[in-house]
file target03.tsv (TSV, C-alpha atoms)
chain	number	residue	atom	x	y	z
H	620	MET	CA	0.00	0.00	0.00
H	621	LYS	CA	1.38	3.35	-1.09
H	622	THR	CA	1.09	5.78	1.80
H	623	LEU	CA	0.67	9.53	2.03
H	624	GLU	CA	3.78	9.73	4.24
H	625	GLU	CA	5.81	9.08	1.12
H	626	LEU	CA	4.20	12.13	-0.47
H	627	GLN	CA	5.18	14.19	2.56
H	628	ALA	CA	8.77	13.03	2.12
H	629	ILE	CA	8.68	14.15	-1.52
H	630	ARG	CA	7.35	17.53	-0.44
H	631	ASP	CA	10.08	17.98	2.14
H	632	LYS	CA	12.73	17.09	-0.41
H	633	MET	CA	11.29	19.38	-3.05
H	634	GLN	CA	10.64	22.40	-0.89
H	635	THR	CA	14.36	23.05	-0.89
H	636	GLN	CA	14.51	22.90	-4.68
H	637	VAL	CA	11.50	24.99	-5.69
H	638	GLY	CA	13.41	28.24	-5.90
H	639	LEU	CA	15.77	26.77	-8.45
H	640	ARG	CA	13.11	26.03	-11.05
H	641	GLN	CA	12.63	28.59	-13.72
H	642	ASP	CA	10.61	28.89	-16.88
H	643	GLY	CA	12.39	29.83	-20.07
H	644	GLU	CA	10.60	32.59	-21.97
H	645	ALA	CA	10.53	30.89	-25.40
H	646	LYS	CA	9.41	27.30	-25.27
H	647	THR	CA	9.01	24.61	-27.86
H	648	ARG	CA	5.41	23.40	-27.78
H	649	VAL	CA	4.34	19.81	-28.38
H	650	VAL	CA	0.57	19.66	-28.85
H	651	VAL	CA	-1.23	16.31	-29.00
H	652	GLY	CA	-4.83	16.03	-30.27
H	653	MET	CA	-6.89	14.43	-27.50
H	654	ALA	CA	-10.47	14.46	-28.79
H	655	THR	CA	-12.47	11.24	-29.31
H	656	CYS	CA	-10.79	10.67	-32.68
H	657	GLY	CA	-7.30	11.07	-31.24
H	658	ILE	CA	-7.95	8.98	-28.15
H	659	ALA	CA	-9.53	6.16	-30.18
H	660	ALA	CA	-6.57	6.18	-32.56
H	661	GLY	CA	-4.05	5.85	-29.72
H	662	ALA	CA	-3.20	9.39	-28.58
H	663	ARG	CA	-2.98	8.54	-24.87
H	664	PRO	CA	0.31	6.59	-25.09
H	665	VAL	CA	1.67	9.21	-27.51
H	666	LEU	CA	0.94	12.05	-25.08
H	667	ASN	CA	2.33	10.10	-22.13
H	668	THR	CA	5.48	9.12	-24.04
H	669	PHE	CA	6.20	12.76	-24.88
H	670	ALA	CA	5.57	13.84	-21.30
H	671	ASP	CA	7.74	11.05	-19.84
H	672	LEU	CA	10.67	11.43	-22.21
H	673	VAL	CA	10.76	15.23	-22.11
H	674	GLN	CA	10.97	14.86	-18.35
H	675	LYS	CA	13.53	12.04	-18.31
H	676	LYS	CA	15.81	13.74	-20.81
H	677	GLY	CA	15.58	17.04	-18.96
H	678	LEU	CA	14.26	19.04	-21.94
H	679	THR	CA	13.20	21.99	-19.82
H	680	ASN	CA	12.52	24.20	-22.85
H	681	VAL	CA	9.75	21.88	-24.09
H	682	LEU	CA	6.12	22.16	-23.05
H	683	VAL	CA	3.90	19.14	-23.74
H	684	THR	CA	0.22	19.95	-23.91
H	685	GLN	CA	-3.05	18.70	-25.36
H	686	THR	CA	-5.77	20.05	-27.58
H	687	GLY	CA	-9.14	18.98	-28.98
H	688	CYS	CA	-9.96	17.81	-32.47
H	689	ILE	CA	-7.69	19.40	-35.06
H	690	GLY	CA	-10.12	18.39	-37.84
H	691	LEU	CA	-8.07	15.72	-39.60
H	692	CYS	CA	-9.48	12.72	-37.78
H	693	GLN	CA	-8.22	10.17	-40.30
H	694	TYR	CA	-4.62	11.19	-39.55
H	695	GLU	CA	-4.86	10.85	-35.77
H	696	PRO	CA	-2.93	10.62	-33.50
H	697	ILE	CA	-1.68	14.03	-34.59
H	698	VAL	CA	1.17	15.90	-32.92
H	699	GLU	CA	2.05	19.49	-33.71
H	700	ILE	CA	5.47	20.80	-32.78
H	701	THR	CA	6.22	24.50	-32.76
H	702	VAL	CA	9.77	25.64	-32.18
H	703	PRO	CA	9.88	29.41	-31.56
H	704	GLY	CA	10.75	31.25	-34.76
H	705	GLN	CA	10.13	28.22	-36.98
H	706	GLU	CA	7.18	26.93	-38.95
H	707	LYS	CA	4.88	24.45	-37.20
H	708	VAL	CA	5.53	20.77	-37.99
H	709	THR	CA	2.59	18.35	-38.02
H	710	TYR	CA	3.28	14.68	-37.39
H	711	VAL	CA	0.50	12.24	-38.21
H	712	LYS	CA	-0.51	8.66	-37.41
H	713	MET	CA	1.78	8.69	-34.42
H	714	ASP	CA	2.44	5.97	-31.88
H	715	ALA	CA	4.63	5.69	-28.79
H	716	ASP	CA	7.69	4.48	-30.76
H	717	LYS	CA	7.45	7.30	-33.29
H	718	ALA	CA	6.99	9.73	-30.40
H	719	SER	CA	10.24	8.64	-28.78
H	720	GLU	CA	11.98	8.98	-32.15
H	721	VAL	CA	10.59	12.53	-32.50
H	722	VAL	CA	11.85	13.41	-29.01
H	723	GLU	CA	15.30	12.15	-29.89
H	724	GLN	CA	15.57	13.69	-33.36
H	725	HIS	CA	13.32	16.75	-33.45
H	726	LEU	CA	13.25	17.94	-29.86
H	727	LYS	CA	16.84	17.09	-28.94
H	728	ARG	CA	18.68	17.53	-32.24
H	729	GLY	CA	16.36	19.81	-34.19
H	730	VAL	CA	16.02	17.33	-37.07
H	731	ILE	CA	12.49	17.03	-38.48
H	732	ILE	CA	11.49	13.44	-39.31
H	733	GLY	CA	9.95	14.08	-42.73
H	734	LYS	CA	8.46	10.62	-43.21
H	735	TYR	CA	6.06	11.08	-40.27
H	736	THR	CA	4.82	14.53	-41.25
H	737	ILE	CA	1.54	15.29	-42.95
H	738	ASN	CA	3.31	16.36	-46.13
H	739	ALA	CA	5.01	13.01	-46.64
H	740	GLU	CA	1.70	11.27	-46.04
H	741	ASP	CA	0.03	13.34	-48.77
H	742	VAL	CA	2.78	12.71	-51.29
H	743	ALA	CA	2.57	8.96	-50.69
H	744	LYS	CA	-1.08	8.91	-51.74
P	640	MET	CA	-12.21	2.47	-28.61
P	641	GLU	CA	-10.57	-0.72	-27.41
P	642	GLU	CA	-10.78	-0.20	-23.68
P	643	LEU	CA	-13.27	1.43	-21.35
P	644	SER	CA	-10.51	3.51	-19.81
P	645	LEU	CA	-10.23	5.41	-23.11
P	646	ASN	CA	-13.95	6.20	-22.98
P	647	VAL	CA	-13.42	7.49	-19.45
P	648	LEU	CA	-10.61	9.76	-20.65
P	649	ASP	CA	-12.76	11.05	-23.50
P	650	VAL	CA	-15.87	11.73	-21.42
P	651	ALA	CA	-13.81	13.30	-18.62
P	652	GLN	CA	-12.27	15.69	-21.17
P	653	ASN	CA	-15.79	16.88	-22.02
P	654	GLY	CA	-16.33	17.81	-18.37
P	655	ILE	CA	-13.04	19.70	-18.27
P	656	THR	CA	-13.98	21.58	-21.43
P	657	ALA	CA	-17.23	22.43	-19.66
P	658	GLY	CA	-15.19	24.25	-17.02
P	659	ALA	CA	-15.17	21.65	-14.26
P	660	THR	CA	-12.92	22.30	-11.28
P	661	LEU	CA	-13.73	19.02	-9.56
P	662	MET	CA	-14.10	15.73	-11.34
P	663	ARG	CA	-15.13	12.50	-9.64
P	664	ILE	CA	-14.45	9.26	-11.42
P	665	SER	CA	-15.44	5.94	-9.94
P	666	VAL	CA	-14.99	2.37	-11.07
P	667	ASP	CA	-16.95	-0.18	-9.07
P	668	ALA	CA	-17.05	-3.87	-9.90
P	669	ASP	CA	-19.27	-6.35	-8.11
P	670	SER	CA	-18.88	-9.98	-9.11
P	671	GLY	CA	-21.88	-11.03	-6.98
P	672	GLU	CA	-24.17	-8.67	-8.85
P	673	ASP	CA	-22.12	-9.21	-12.03
P	674	THR	CA	-21.93	-5.48	-12.68
P	675	LEU	CA	-19.27	-2.93	-13.42
P	676	VAL	CA	-20.37	0.65	-12.86
P	677	ILE	CA	-18.34	3.58	-14.12
P	678	GLU	CA	-19.39	7.05	-13.09
P	679	ILE	CA	-17.91	10.35	-14.21
P	680	LYS	CA	-19.23	13.35	-12.37
P	681	ASP	CA	-18.17	16.94	-12.94
P	682	ASN	CA	-19.11	20.36	-11.61
P	683	GLY	CA	-18.82	22.04	-15.01
P	684	CYS	CA	-21.41	24.24	-16.70
P	685	GLY	CA	-23.88	21.39	-17.24
P	686	MET	CA	-26.29	20.97	-20.11
P	687	SER	CA	-29.81	22.06	-20.90
P	688	PRO	CA	-32.47	19.32	-21.12
P	689	GLU	CA	-32.37	19.71	-24.92
P	690	GLN	CA	-28.63	19.16	-25.01
P	691	VAL	CA	-28.88	16.12	-22.73
P	692	SER	CA	-31.45	14.54	-25.00
P	693	SER	CA	-29.32	15.14	-28.09
P	694	VAL	CA	-25.87	14.32	-26.68
P	695	GLU	CA	-26.38	10.59	-27.24
P	696	ASP	CA	-26.96	11.32	-30.91
P	697	PRO	CA	-23.68	10.86	-32.84
P	698	PHE	CA	-24.64	13.67	-35.19
P	699	PHE	CA	-24.81	16.19	-32.39
P	700	THR	CA	-21.74	18.09	-31.28
P	701	THR	CA	-20.85	21.53	-30.00
P	702	ARG	CA	-17.54	21.54	-31.80
P	703	THR	CA	-17.00	23.19	-35.13
P	704	THR	CA	-14.12	21.15	-36.56
P	705	ARG	CA	-16.28	18.19	-37.61
P	706	PRO	CA	-20.00	17.52	-37.67
P	707	VAL	CA	-20.11	14.42	-35.47
P	708	GLY	CA	-19.64	13.81	-31.75
P	709	LEU	CA	-18.92	10.17	-31.05
P	710	GLY	CA	-17.59	10.17	-27.50
P	711	VAL	CA	-20.82	9.73	-25.58
P	712	PRO	CA	-22.52	7.44	-28.17
P	713	LEU	CA	-19.52	5.10	-28.15
P	714	PHE	CA	-19.54	4.86	-24.35
P	715	LYS	CA	-23.29	4.24	-24.38
P	716	MET	CA	-22.91	1.54	-26.99
P	717	ALA	CA	-20.16	-0.16	-24.98
P	718	ALA	CA	-22.48	-0.30	-21.95
P	719	GLU	CA	-25.53	-1.51	-23.81
P	720	GLN	CA	-23.73	-4.19	-25.78
P	721	SER	CA	-22.69	-5.80	-22.49
P	722	GLY	CA	-26.28	-5.92	-21.27
P	723	GLY	CA	-25.85	-2.76	-19.21
P	724	ARG	CA	-27.38	0.69	-19.02
P	725	PHE	CA	-26.32	4.22	-19.67
P	726	GLU	CA	-27.56	7.44	-18.22
P	727	ILE	CA	-26.69	11.13	-18.18
P	728	VAL	CA	-28.04	13.51	-15.58
P	729	SER	CA	-27.13	17.14	-16.00
P	730	GLU	CA	-28.14	20.43	-14.56
P	731	GLN	CA	-27.17	23.77	-16.02
P	732	GLY	CA	-24.76	25.56	-13.76
P	733	ALA	CA	-24.29	22.53	-11.52
P	734	GLY	CA	-22.61	19.84	-13.59
P	735	THR	CA	-23.08	16.50	-15.27
P	736	VAL	CA	-23.09	12.88	-14.17
P	737	VAL	CA	-22.42	10.19	-16.74
P	738	ARG	CA	-23.16	6.71	-15.44
P	739	ALA	CA	-22.51	3.52	-17.38
P	740	GLU	CA	-23.34	0.08	-16.08
P	741	PHE	CA	-21.82	-2.99	-17.72
P	742	GLY	CA	-22.39	-6.73	-17.43
P	743	LEU	CA	-19.12	-7.62	-15.65
P	744	SER	CA	-18.73	-11.12	-17.10
P	745	HIS	CA	-20.53	-10.41	-20.38
P	746	ILE	CA	-18.54	-11.64	-23.35
P	747	ASP	CA	-19.05	-8.34	-25.15
P	748	ARG	CA	-17.86	-6.19	-22.27
P	749	MET	CA	-14.74	-4.31	-23.25
P	750	PRO	CA	-11.84	-4.65	-20.81
P	751	LEU	CA	-11.34	-1.72	-18.48
P	752	GLY	CA	-7.79	-1.41	-19.80
P	753	ASP	CA	-5.16	0.94	-18.48
P	754	ILE	CA	-7.33	3.11	-16.26
P	755	ASN	CA	-4.26	4.26	-14.31
P	756	SER	CA	-2.88	5.85	-17.46
P	757	THR	CA	-6.16	7.62	-17.98
P	758	ILE	CA	-6.10	9.06	-14.46
P	759	CYS	CA	-2.43	10.04	-14.78
P	760	THR	CA	-3.10	11.74	-18.12
P	761	LEU	CA	-6.00	13.69	-16.64
P	762	VAL	CA	-4.04	14.79	-13.56
P	763	THR	CA	-0.89	15.65	-15.55
P	764	PHE	CA	-2.53	17.77	-18.19
P	765	ASN	CA	-5.18	19.49	-16.11
P	766	PRO	CA	-3.26	20.94	-13.18
P	767	ASP	CA	-6.10	23.33	-12.32
P	768	VAL	CA	-8.70	20.60	-11.90
P	769	ASN	CA	-9.09	18.44	-8.83
P	770	PHE	CA	-9.79	14.74	-9.25
P	771	VAL	CA	-11.32	12.21	-6.93
P	772	TYR	CA	-10.83	8.73	-8.28
P	773	GLU	CA	-12.35	5.70	-6.58
P	774	TYR	CA	-11.55	2.16	-7.56
P	775	LYS	CA	-13.51	-0.62	-5.94
P	776	ALA	CA	-13.90	-4.32	-6.64
P	777	ASP	CA	-16.02	-6.56	-4.42
P	778	GLY	CA	-15.83	-4.11	-1.56
P	779	GLU	CA	-12.03	-3.68	-1.63
P	780	GLY	CA	-10.54	-0.56	-3.07
P	781	PHE	CA	-8.91	2.79	-2.66
P	782	THR	CA	-9.40	6.48	-3.36
P	783	LEU	CA	-7.08	9.05	-4.88
P	784	ASP	CA	-8.05	12.60	-4.01
P	785	THR	CA	-5.86	15.32	-5.47
P	786	ARG	CA	-7.25	17.83	-2.96
P	787	GLU	CA	-5.73	15.72	-0.20
P	788	PHE	CA	-2.44	15.54	-2.12
P	789	ARG	CA	-2.40	19.30	-2.63
P	790	ALA	CA	-2.94	19.86	1.09
P	791	ILE	CA	0.12	17.75	1.86
P	792	LEU	CA	2.21	19.30	-0.92
P	793	GLN	CA	1.75	22.86	0.37
P	794	GLY	CA	2.29	24.66	-2.89
P	795	ILE	CA	4.50	22.13	-4.67
P	796	PRO	CA	2.71	21.67	-8.01
P	797	LEU	CA	0.84	18.43	-8.60
P	798	ASP	CA	2.32	18.20	-12.06
P	799	SER	CA	5.94	18.26	-10.96
P	800	PRO	CA	7.74	15.11	-12.11
P	801	GLU	CA	8.46	13.67	-8.66
P	802	VAL	CA	4.82	14.03	-7.65
P	803	LEU	CA	3.53	12.55	-10.90
P	804	ALA	CA	5.81	9.55	-10.45
P	805	TYR	CA	4.39	9.12	-6.95
P	806	ILE	CA	0.81	9.34	-8.28
P	807	ARG	CA	1.48	6.66	-10.88
P	808	GLU	CA	3.00	4.35	-8.27
P	809	TYR	CA	0.14	5.10	-5.89
P	810	LEU	CA	-2.37	4.07	-8.54
P	811	GLU	CA	-0.48	1.00	-9.69
P	812	GLU	CA	0.37	-0.40	-6.27
P	813	ASN	CA	-3.09	0.16	-4.86
P	814	THR	CA	-4.81	-1.29	-7.92
P	815	LYS	CA	-2.63	-4.38	-7.65
P	816	GLU	CA	-3.69	-4.89	-4.06
P	817	VAL	CA	-7.34	-5.11	-5.05
P	818	GLY	CA	-7.85	-8.79	-5.77
P	819	LEU	CA	-10.29	-8.74	-8.68
P	820	VAL	CA	-8.89	-7.82	-12.09
P	821	ILE	CA	-11.48	-5.85	-14.06
call {"tool": "encode", "arguments": {"input": "target03.tsv", "output": "structure tokens"}}
result
Amino acid sequence: MKTLEELQAIRDKMQTQVGLRQDGEAKTRVVVGMATCGIAAGARPVLNTFADLVQKKGLTNVLVTQTGCIGLCQYEPIVEITVPGQEKVTYVKMDADKASEVVEQHLKRGVIIGKYTINAEDVAK
Amino acid sequence: MEELSLNVLDVAQNGITAGATLMRISVDADSGEDTLVIEIKDNGCGMSPEQVSSVEDPFFTTRTTRPVGLGVPLFKMAAEQSGGRFEIVSEQGAGTVVRAEFGLSHIDRMPLGDINSTICTLVTFNPDVNFVYEYKADGEGFTLDTREFRAILQGIPLDSPEVLAYIREYLEENTKEVGLVI
């Protein structure tokens, strides 16, 4: 049984660190579509993978967030990434593995994975 | 939808969009009665009687990006195909209760699935909303109340990584201790 005392211990440990946290002014945004279409297509593990990995890899300049239906239900799960000063990149038909690849390549190294973007999908048709 | 926990996530998002600040989610299985009851209750803006009567219609939606709203109809269908029932009670200005009852051992009942992920997703991405999650199976169970967590945390945000890791472990360990797998 997980107890609330453990949460108190976390609080005590963190209270000393709070002052050190700071928000950068310009953040990269990762937005995952979480409407019925997205959820049914598998957006929950995609969102959680982004959140977990961004945390684990210490990417403090990245904000992972969710949105409703983007309007392209057949391409869900959809992830939009906006790096300040750059054009928005839309990844489609995502899954947890692709999400971890995007974290590694796009978020860490700044390399867009063209084959997962909406444009590549259109060309393939 | 392949698991009921995804329906829960979807329906709970509706409540958050409706401005809820407190969301109660309960999962209650009873093998004696052979029922599984899932209830999602929010204190959002609620719906008018007209909206309530049309929300089960897949061609009704308040969104503008596409002309269909499938979340509630899919959840209703999942309940009814397992010999269960579905009901929405809503009051404008007070909130909405969505209640789905399933035949626990019915062959067409979808598995509950990864409900802990659903709760973690909701807590992580809605830091301004409080959640009370109750999980019960044959009388055994536990409750997660983010209001209680916030009181202990004294200003440390609920969505800080250490706290989220604790919440996930809290859910997983306590779910494991409940004997019946839903």
call {"tool": "interface_residues", "arguments": {"input": "target03.tsv", "of": "chain P", "to": "chain H", "cutoff": "9 Å", "atoms": "all atoms listed in the file", "output": "PyMOL selection string"}}
result
chain P and resi 640-641+645-646+648-650+652-653+702-705+708-710+756-757+759-760+763-764+788+791-795+800-802+805-806+808-810+812-813+816
call {"tool": "residues_around", "arguments": {"input": "target03.tsv", "residues": "segment 705-712 of chain H", "least_positions_apart": "3", "cutoff": "10 Å", "atoms": "all atoms listed in the file", "output": "NGL selection string"}}
result
:H and (647-651 or 657 or 660-662 or 691-702 or 717-718 or 721 or 725 or 731-740)
call {"tool": "axis_aligned_box", "arguments": {"input": "target03.tsv", "around": "segment 739-744 of chain P", "padding_each_side": "8 Å", "output": "lines of an AutoDock Vina configuration file"}}
result
center_x = -21.0
center_y = -3.8
center_z = -16.7
size_x = 20.6
size_y = 30.6
size_z = 18.1
call {"tool": "residues_around", "arguments": {"input": "target03.tsv", "residues": "Gly722 of chain P", "least_positions_apart": "3", "cutoff": "8 Å", "atoms": "all atoms listed in the file", "output": "list in words"}}
result
Ala718, Glu719, Phe741, Gly742 and His745 of chain P
call {"tool": "atom_distance", "arguments": {"input": "target03.tsv", "atom1": "atom CA of Ile677 of chain P", "atom2": "atom CA of Ile655 of chain P"}}
result
17.5 Å
call {"tool": "atom_distance", "arguments": {"input": "target03.tsv", "atom1": "atom CA of Pro766 of chain P", "atom2": "atom CA of Leu682 of chain H"}}
result
13.7 Å
call {"tool": "closest_residue", "arguments": {"input": "target03.tsv", "among": "P:Ala659, P:Ala739, P:Leu819, P:Met749", "to": "Asp681 of chain P", "atoms": "all atoms listed in the file"}}
result
P:Ala659
